[in-house]
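upload.pdb follows (PDB, N, CA and C atoms, pLDDT in the B column):
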MODEL        1
ATOM      1  N   MET Q 689     -66.127 100.132  -2.315  1.00 53.00           N
ATOM      2  CA  MET Q 689     -66.266 101.572  -2.247  1.00 53.00           C
ATOM      3  C   MET Q 689     -64.898 102.187  -2.529  1.00 53.00           C
ATOM      4  N   SER Q 690     -64.866 103.147  -3.396  1.00 58.00           N
ATOM      5  CA  SER Q 690     -63.603 103.762  -3.737  1.00 58.00           C
ATOM      6  C   SER Q 690     -63.150 104.702  -2.623  1.00 58.00           C
ATOM      7  N   LYS Q 691     -61.858 105.056  -2.653  1.00 62.00           N
ATOM      8  CA  LYS Q 691     -61.324 105.945  -1.619  1.00 62.00           C
ATOM      9  C   LYS Q 691     -62.010 107.306  -1.650  1.00 62.00           C
ATOM     10  N   ALA Q 692     -62.396 107.772  -2.842  1.00 67.00           N
ATOM     11  CA  ALA Q 692     -63.036 109.073  -2.972  1.00 67.00           C
ATOM     12  C   ALA Q 692     -64.414 109.076  -2.318  1.00 67.00           C
ATOM     13  N   MET Q 693     -65.062 107.913  -2.253  1.00 74.00           N
ATOM     14  CA  MET Q 693     -66.408 107.828  -1.705  1.00 74.00           C
ATOM     15  C   MET Q 693     -66.417 107.297  -0.275  1.00 74.00           C
ATOM     16  N   LYS Q 694     -65.282 107.180   0.357  1.00 82.00           N
ATOM     17  CA  LYS Q 694     -65.194 106.606   1.698  1.00 82.00           C
ATOM     18  C   LYS Q 694     -65.972 107.467   2.696  1.00 82.00           C
ATOM     19  N   LYS Q 695     -66.800 106.803   3.523  1.00 82.00           N
ATOM     20  CA  LYS Q 695     -67.594 107.515   4.522  1.00 82.00           C
ATOM     21  C   LYS Q 695     -66.695 108.001   5.653  1.00 82.00           C
ATOM     22  N   PRO Q 696     -67.017 109.158   6.228  1.00 84.00           N
ATOM     23  CA  PRO Q 696     -66.241 109.629   7.378  1.00 84.00           C
ATOM     24  C   PRO Q 696     -66.438 108.692   8.571  1.00 84.00           C
ATOM     25  N   ILE Q 697     -65.430 108.588   9.395  1.00 88.00           N
ATOM     26  CA  ILE Q 697     -65.493 107.733  10.580  1.00 88.00           C
ATOM     27  C   ILE Q 697     -66.206 108.480  11.696  1.00 88.00           C
ATOM     28  N   ASP Q 698     -67.225 107.840  12.245  1.00 93.00           N
ATOM     29  CA  ASP Q 698     -67.972 108.413  13.359  1.00 93.00           C
ATOM     30  C   ASP Q 698     -67.379 107.835  14.641  1.00 93.00           C
ATOM     31  N   PRO Q 699     -66.779 108.656  15.510  1.00 93.00           N
ATOM     32  CA  PRO Q 699     -66.133 108.137  16.716  1.00 93.00           C
ATOM     33  C   PRO Q 699     -67.096 107.407  17.663  1.00 93.00           C
ATOM     34  N   VAL Q 700     -68.353 107.803  17.692  1.00 95.00           N
ATOM     35  CA  VAL Q 700     -69.315 107.127  18.563  1.00 95.00           C
ATOM     36  C   VAL Q 700     -69.570 105.712  18.049  1.00 95.00           C
ATOM     37  N   ILE Q 701     -69.756 105.584  16.745  1.00 94.00           N
ATOM     38  CA  ILE Q 701     -69.974 104.266  16.143  1.00 94.00           C
ATOM     39  C   ILE Q 701     -68.738 103.402  16.324  1.00 94.00           C
ATOM     40  N   GLU Q 702     -67.581 103.969  16.160  1.00 95.00           N
ATOM     41  CA  GLU Q 702     -66.338 103.209  16.350  1.00 95.00           C
ATOM     42  C   GLU Q 702     -66.211 102.711  17.791  1.00 95.00           C
ATOM     43  N   GLU Q 703     -66.629 103.539  18.766  1.00 97.00           N
ATOM     44  CA  GLU Q 703     -66.581 103.123  20.167  1.00 97.00           C
ATOM     45  C   GLU Q 703     -67.553 101.962  20.419  1.00 97.00           C
ATOM     46  N   ILE Q 704     -68.715 102.019  19.795  1.00 96.00           N
ATOM     47  CA  ILE Q 704     -69.682 100.928  19.921  1.00 96.00           C
ATOM     48  C   ILE Q 704     -69.091  99.638  19.358  1.00 96.00           C
ATOM     49  N   HIS Q 705     -68.479  99.706  18.181  1.00 96.00           N
ATOM     50  CA  HIS Q 705     -67.864  98.525  17.575  1.00 96.00           C
ATOM     51  C   HIS Q 705     -66.731  97.975  18.441  1.00 96.00           C
ATOM     52  N   GLU Q 706     -65.933  98.846  19.007  1.00 97.00           N
ATOM     53  CA  GLU Q 706     -64.822  98.404  19.857  1.00 97.00           C
ATOM     54  C   GLU Q 706     -65.346  97.711  21.121  1.00 97.00           C
ATOM     55  N   THR Q 707     -66.389  98.283  21.706  1.00 96.00           N
ATOM     56  CA  THR Q 707     -66.994  97.661  22.889  1.00 96.00           C
ATOM     57  C   THR Q 707     -67.548  96.290  22.547  1.00 96.00           C
ATOM     58  N   ARG Q 708     -68.216  96.175  21.408  1.00 96.00           N
ATOM     59  CA  ARG Q 708     -68.753  94.886  20.969  1.00 96.00           C
ATOM     60  C   ARG Q 708     -67.644  93.870  20.790  1.00 96.00           C
ATOM     61  N   ARG Q 709     -66.535  94.281  20.176  1.00 97.00           N
ATOM     62  CA  ARG Q 709     -65.394  93.362  19.990  1.00 97.00           C
ATOM     63  C   ARG Q 709     -64.816  92.922  21.331  1.00 97.00           C
ATOM     64  N   GLU Q 710     -64.688  93.844  22.284  1.00 97.00           N
ATOM     65  CA  GLU Q 710     -64.145  93.508  23.605  1.00 97.00           C
ATOM     66  C   GLU Q 710     -65.047  92.505  24.336  1.00 97.00           C
ATOM     67  N   ILE Q 711     -66.360  92.739  24.279  1.00 96.00           N
ATOM     68  CA  ILE Q 711     -67.296  91.823  24.938  1.00 96.00           C
ATOM     69  C   ILE Q 711     -67.231  90.448  24.280  1.00 96.00           C
ATOM     70  N   ALA Q 712     -67.244  90.413  22.967  1.00 96.00           N
ATOM     71  CA  ALA Q 712     -67.174  89.133  22.248  1.00 96.00           C
ATOM     72  C   ALA Q 712     -65.895  88.385  22.597  1.00 96.00           C
ATOM     73  N   GLN Q 713     -64.793  89.087  22.670  1.00 97.00           N
ATOM     74  CA  GLN Q 713     -63.514  88.449  22.999  1.00 97.00           C
ATOM     75  C   GLN Q 713     -63.536  87.917  24.440  1.00 97.00           C
ATOM     76  N   ARG Q 714     -64.102  88.674  25.363  1.00 97.00           N
ATOM     77  CA  ARG Q 714     -64.147  88.270  26.767  1.00 97.00           C
ATOM     78  C   ARG Q 714     -64.892  86.938  26.951  1.00 97.00           C
ATOM     79  N   PHE Q 715     -65.891  86.701  26.110  1.00 97.00           N
ATOM     80  CA  PHE Q 715     -66.701  85.489  26.240  1.00 97.00           C
ATOM     81  C   PHE Q 715     -66.465  84.506  25.095  1.00 97.00           C
ATOM     82  N   GLY Q 716     -65.368  84.670  24.407  1.00 96.00           N
ATOM     83  CA  GLY Q 716     -65.033  83.754  23.325  1.00 96.00           C
ATOM     84  C   GLY Q 716     -66.066  83.739  22.211  1.00 96.00           C
ATOM     85  N   GLY Q 717     -66.782  84.831  22.042  1.00 95.00           N
ATOM     86  CA  GLY Q 717     -67.785  84.929  20.994  1.00 95.00           C
ATOM     87  C   GLY Q 717     -69.042  84.122  21.267  1.00 95.00           C
ATOM     88  N   ASP Q 718     -69.187  83.570  22.471  1.00 96.00           N
ATOM     89  CA  ASP Q 718     -70.322  82.717  22.823  1.00 96.00           C
ATOM     90  C   ASP Q 718     -71.515  83.588  23.223  1.00 96.00           C
ATOM     91  N   ILE Q 719     -72.518  83.678  22.347  1.00 95.00           N
ATOM     92  CA  ILE Q 719     -73.665  84.546  22.589  1.00 95.00           C
ATOM     93  C   ILE Q 719     -74.447  84.149  23.834  1.00 95.00           C
ATOM     94  N   HIS Q 720     -74.449  82.862  24.156  1.00 95.00           N
ATOM     95  CA  HIS Q 720     -75.150  82.412  25.357  1.00 95.00           C
ATOM     96  C   HIS Q 720     -74.468  82.941  26.623  1.00 95.00           C
ATOM     97  N   ARG Q 721     -73.149  82.914  26.654  1.00 96.00           N
ATOM     98  CA  ARG Q 721     -72.417  83.450  27.809  1.00 96.00           C
ATOM     99  C   ARG Q 721     -72.572  84.965  27.892  1.00 96.00           C
ATOM    100  N   ILE Q 722     -72.570  85.634  26.743  1.00 96.00           N
ATOM    101  CA  ILE Q 722     -72.740  87.091  26.720  1.00 96.00           C
ATOM    102  C   ILE Q 722     -74.121  87.451  27.272  1.00 96.00           C
ATOM    103  N   SER Q 723     -75.145  86.729  26.828  1.00 93.00           N
ATOM    104  CA  SER Q 723     -76.515  86.996  27.285  1.00 93.00           C
ATOM    105  C   SER Q 723     -76.675  86.732  28.776  1.00 93.00           C
ATOM    106  N   GLU Q 724     -76.106  85.628  29.247  1.00 94.00           N
ATOM    107  CA  GLU Q 724     -76.197  85.294  30.672  1.00 94.00           C
ATOM    108  C   GLU Q 724     -75.519  86.373  31.518  1.00 94.00           C
ATOM    109  N   ASP Q 725     -74.372  86.855  31.084  1.00 94.00           N
ATOM    110  CA  ASP Q 725     -73.681  87.921  31.810  1.00 94.00           C
ATOM    111  C   ASP Q 725     -74.534  89.184  31.842  1.00 94.00           C
ATOM    112  N   ALA Q 726     -75.158  89.520  30.715  1.00 90.00           N
ATOM    113  CA  ALA Q 726     -76.010  90.713  30.665  1.00 90.00           C
ATOM    114  C   ALA Q 726     -77.191  90.572  31.617  1.00 90.00           C
ATOM    115  N   ARG Q 727     -77.815  89.381  31.644  1.00 87.00           N
ATOM    116  CA  ARG Q 727     -78.935  89.151  32.563  1.00 87.00           C
ATOM    117  C   ARG Q 727     -78.499  89.291  34.022  1.00 87.00           C
ATOM    118  N   ARG Q 728     -77.331  88.723  34.353  1.00 91.00           N
ATOM    119  CA  ARG Q 728     -76.823  88.819  35.730  1.00 91.00           C
ATOM    120  C   ARG Q 728     -76.591  90.271  36.122  1.00 91.00           C
ATOM    121  N   ARG Q 729     -75.963  91.048  35.229  1.00 90.00           N
ATOM    122  CA  ARG Q 729     -75.689  92.452  35.540  1.00 90.00           C
ATOM    123  C   ARG Q 729     -76.980  93.251  35.685  1.00 90.00           C
ATOM    124  N   GLN Q 730     -77.957  92.996  34.816  1.00 86.00           N
ATOM    125  CA  GLN Q 730     -79.234  93.707  34.910  1.00 86.00           C
ATOM    126  C   GLN Q 730     -79.918  93.402  36.230  1.00 86.00           C
ATOM    127  N   SER Q 731     -79.912  92.143  36.613  1.00 86.00           N
ATOM    128  CA  SER Q 731     -80.548  91.726  37.865  1.00 86.00           C
ATOM    129  C   SER Q 731     -79.833  92.339  39.066  1.00 86.00           C
ATOM    130  N   ARG Q 732     -78.526  92.279  39.071  1.00 92.00           N
ATOM    131  CA  ARG Q 732     -77.722  92.783  40.185  1.00 92.00           C
ATOM    132  C   ARG Q 732     -77.877  94.288  40.357  1.00 92.00           C
ATOM    133  N   GLU Q 733     -77.976  95.010  39.243  1.00 89.00           N
ATOM    134  CA  GLU Q 733     -78.044  96.465  39.308  1.00 89.00           C
ATOM    135  C   GLU Q 733     -79.456  96.984  39.535  1.00 89.00           C
ATOM    136  N   GLY Q 734     -80.439  96.076  39.519  1.00 84.00           N
ATOM    137  CA  GLY Q 734     -81.812  96.474  39.805  1.00 84.00           C
ATOM    138  C   GLY Q 734     -82.432  97.373  38.752  1.00 84.00           C
ATOM    139  N   ARG Q 735     -81.907  97.366  37.553  1.00 79.00           N
ATOM    140  CA  ARG Q 735     -82.483  98.193  36.491  1.00 79.00           C
ATOM    141  C   ARG Q 735     -83.696  97.488  35.889  1.00 79.00           C
ATOM    142  N   PRO Q 736     -84.665  98.267  35.420  1.00 79.00           N
ATOM    143  CA  PRO Q 736     -85.835  97.630  34.811  1.00 79.00           C
ATOM    144  C   PRO Q 736     -85.443  96.898  33.525  1.00 79.00           C
ATOM    145  N   VAL Q 737     -86.088  95.753  33.315  1.00 76.00           N
ATOM    146  CA  VAL Q 737     -85.830  94.947  32.128  1.00 76.00           C
ATOM    147  C   VAL Q 737     -87.137  94.817  31.374  1.00 76.00           C
ATOM    148  N   TRP Q 738     -87.115  95.099  30.081  1.00 78.00           N
ATOM    149  CA  TRP Q 738     -88.311  95.005  29.251  1.00 78.00           C
ATOM    150  C   TRP Q 738     -88.631  93.543  28.972  1.00 78.00           C
ATOM    151  N   HIS Q 739     -89.900  93.198  29.144  1.00 80.00           N
ATOM    152  CA  HIS Q 739     -90.380  91.858  28.826  1.00 80.00           C
ATOM    153  C   HIS Q 739     -91.551  92.016  27.861  1.00 80.00           C
ATOM    154  N   PRO Q 740     -91.511  91.366  26.700  1.00 80.00           N
ATOM    155  CA  PRO Q 740     -92.621  91.504  25.750  1.00 80.00           C
ATOM    156  C   PRO Q 740     -93.912  90.914  26.321  1.00 80.00           C
ATOM    157  N   LYS Q 741     -95.045  91.441  25.888  1.00 83.00           N
ATOM    158  CA  LYS Q 741     -96.339  90.941  26.370  1.00 83.00           C
ATOM    159  C   LYS Q 741     -96.608  89.532  25.855  1.00 83.00           C
ATOM    160  N   THR Q 742     -96.108  89.233  24.674  1.00 82.00           N
ATOM    161  CA  THR Q 742     -96.270  87.895  24.117  1.00 82.00           C
ATOM    162  C   THR Q 742     -94.903  87.372  23.710  1.00 82.00           C
ATOM    163  N   ALA Q 743     -94.747  86.068  23.791  1.00 76.00           N
ATOM    164  CA  ALA Q 743     -93.480  85.456  23.410  1.00 76.00           C
ATOM    165  C   ALA Q 743     -93.337  85.444  21.889  1.00 76.00           C
ATOM    166  N   ASN Q 744     -92.106  85.421  21.429  1.00 72.00           N
ATOM    167  CA  ASN Q 744     -91.868  85.285  20.000  1.00 72.00           C
ATOM    168  C   ASN Q 744     -92.422  83.962  19.521  1.00 72.00           C
ATOM    169  N   GLN Q 745     -93.009  83.969  18.342  1.00 73.00           N
ATOM    170  CA  GLN Q 745     -93.495  82.735  17.751  1.00 73.00           C
ATOM    171  C   GLN Q 745     -92.489  82.278  16.704  1.00 73.00           C
ATOM    172  N   SER Q 746     -92.200  80.988  16.705  1.00 71.00           N
ATOM    173  CA  SER Q 746     -91.271  80.491  15.703  1.00 71.00           C
ATOM    174  C   SER Q 746     -91.983  80.413  14.365  1.00 71.00           C
ATOM    175  N   LEU Q 747     -91.231  80.609  13.304  1.00 66.00           N
ATOM    176  CA  LEU Q 747     -91.775  80.538  11.960  1.00 66.00           C
ATOM    177  C   LEU Q 747     -91.220  79.311  11.269  1.00 66.00           C
ATOM    178  N   ASP Q 748     -92.036  78.673  10.492  1.00 67.00           N
ATOM    179  CA  ASP Q 748     -91.637  77.495   9.741  1.00 67.00           C
ATOM    180  C   ASP Q 748     -91.631  77.887   8.273  1.00 67.00           C
ATOM    181  N   GLN Q 749     -90.464  77.812   7.643  1.00 63.00           N
ATOM    182  CA  GLN Q 749     -90.381  78.164   6.230  1.00 63.00           C
ATOM    183  C   GLN Q 749     -90.604  76.909   5.401  1.00 63.00           C
ATOM    184  N   THR Q 750     -91.584  76.971   4.540  1.00 66.00           N
ATOM    185  CA  THR Q 750     -91.945  75.825   3.730  1.00 66.00           C
ATOM    186  C   THR Q 750     -91.108  75.773   2.459  1.00 66.00           C
ATOM    187  N   ALA Q 751     -91.267  74.699   1.718  1.00 62.00           N
ATOM    188  CA  ALA Q 751     -90.521  74.522   0.469  1.00 62.00           C
ATOM    189  C   ALA Q 751     -90.823  75.623  -0.531  1.00 62.00           C
ATOM    190  N   ASP Q 752     -92.031  76.198  -0.473  1.00 63.00           N
ATOM    191  CA  ASP Q 752     -92.375  77.254  -1.419  1.00 63.00           C
ATOM    192  C   ASP Q 752     -91.849  78.624  -0.993  1.00 63.00           C
ATOM    193  N   GLY Q 753     -91.108  78.658   0.146  1.00 61.00           N
ATOM    194  CA  GLY Q 753     -90.474  79.889   0.607  1.00 61.00           C
ATOM    195  C   GLY Q 753     -91.367  80.781   1.441  1.00 61.00           C
ATOM    196  N   ILE Q 754     -92.611  80.360   1.681  1.00 61.00           N
ATOM    197  CA  ILE Q 754     -93.538  81.146   2.487  1.00 61.00           C
ATOM    198  C   ILE Q 754     -93.385  80.754   3.953  1.00 61.00           C
ATOM    199  N   GLN Q 755     -93.250  81.760   4.808  1.00 58.00           N
ATOM    200  CA  GLN Q 755     -93.109  81.480   6.238  1.00 58.00           C
ATOM    201  C   GLN Q 755     -94.487  81.409   6.866  1.00 58.00           C
ATOM    202  N   ARG Q 756     -94.708  80.388   7.649  1.00 60.00           N
ATOM    203  CA  ARG Q 756     -95.975  80.195   8.342  1.00 60.00           C
ATOM    204  C   ARG Q 756     -95.689  79.981   9.826  1.00 60.00           C
ATOM    205  N   ASN Q 757     -96.620  80.413  10.665  1.00 57.00           N
ATOM    206  CA  ASN Q 757     -96.455  80.166  12.107  1.00 57.00           C
ATOM    207  C   ASN Q 757     -96.386  78.673  12.365  1.00 57.00           C
ATOM    208  N   ALA Q 758     -95.466  78.280  13.226  1.00 52.00           N
ATOM    209  CA  ALA Q 758     -95.316  76.854  13.544  1.00 52.00           C
ATOM    210  C   ALA Q 758     -96.305  76.430  14.584  1.00 52.00           C
TER     211      ALA Q 758
ENDMDL
END
Kindly return the structure encoded in the file as structure tokens.
Amino acid sequence: MSKAMKKPIDPVIEEIHETRREIAQRFGGDIHRISEDARRRQSREGRPVWHPKTANQSLDQTADGIQRNA
């Protein structure tokens, strides 16, 4: 993208990115540790947690590139 077409910086989006970087750094980028910490905080704070009615189904991608339920 050229300098003339550069998008304006949105301070809210920048704050979100900075928070994400701080969290990732705190847990060494380990998504499992980040998720476990989030679960602990949600449980401790007593906030409602959304649970899907059905579990995610894994998809199996075949050689022809078509994804089928596993």
From atom CA of Q:Gly716 to atom CA of Q:Pro736 the spacing works out at 27.5 Å
Work out how far apart atom N of Q:Gln730 and atom CA of Q:Glu710 are and give it in Å to one decimal.
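Separation of atom N of Q:Gln730 and atom CA of Q:Glu710: 17.8 Å.
The space separating atom CA of Q:Thr707 from atom N of Q:Ile719 comes to 15.0 Å.
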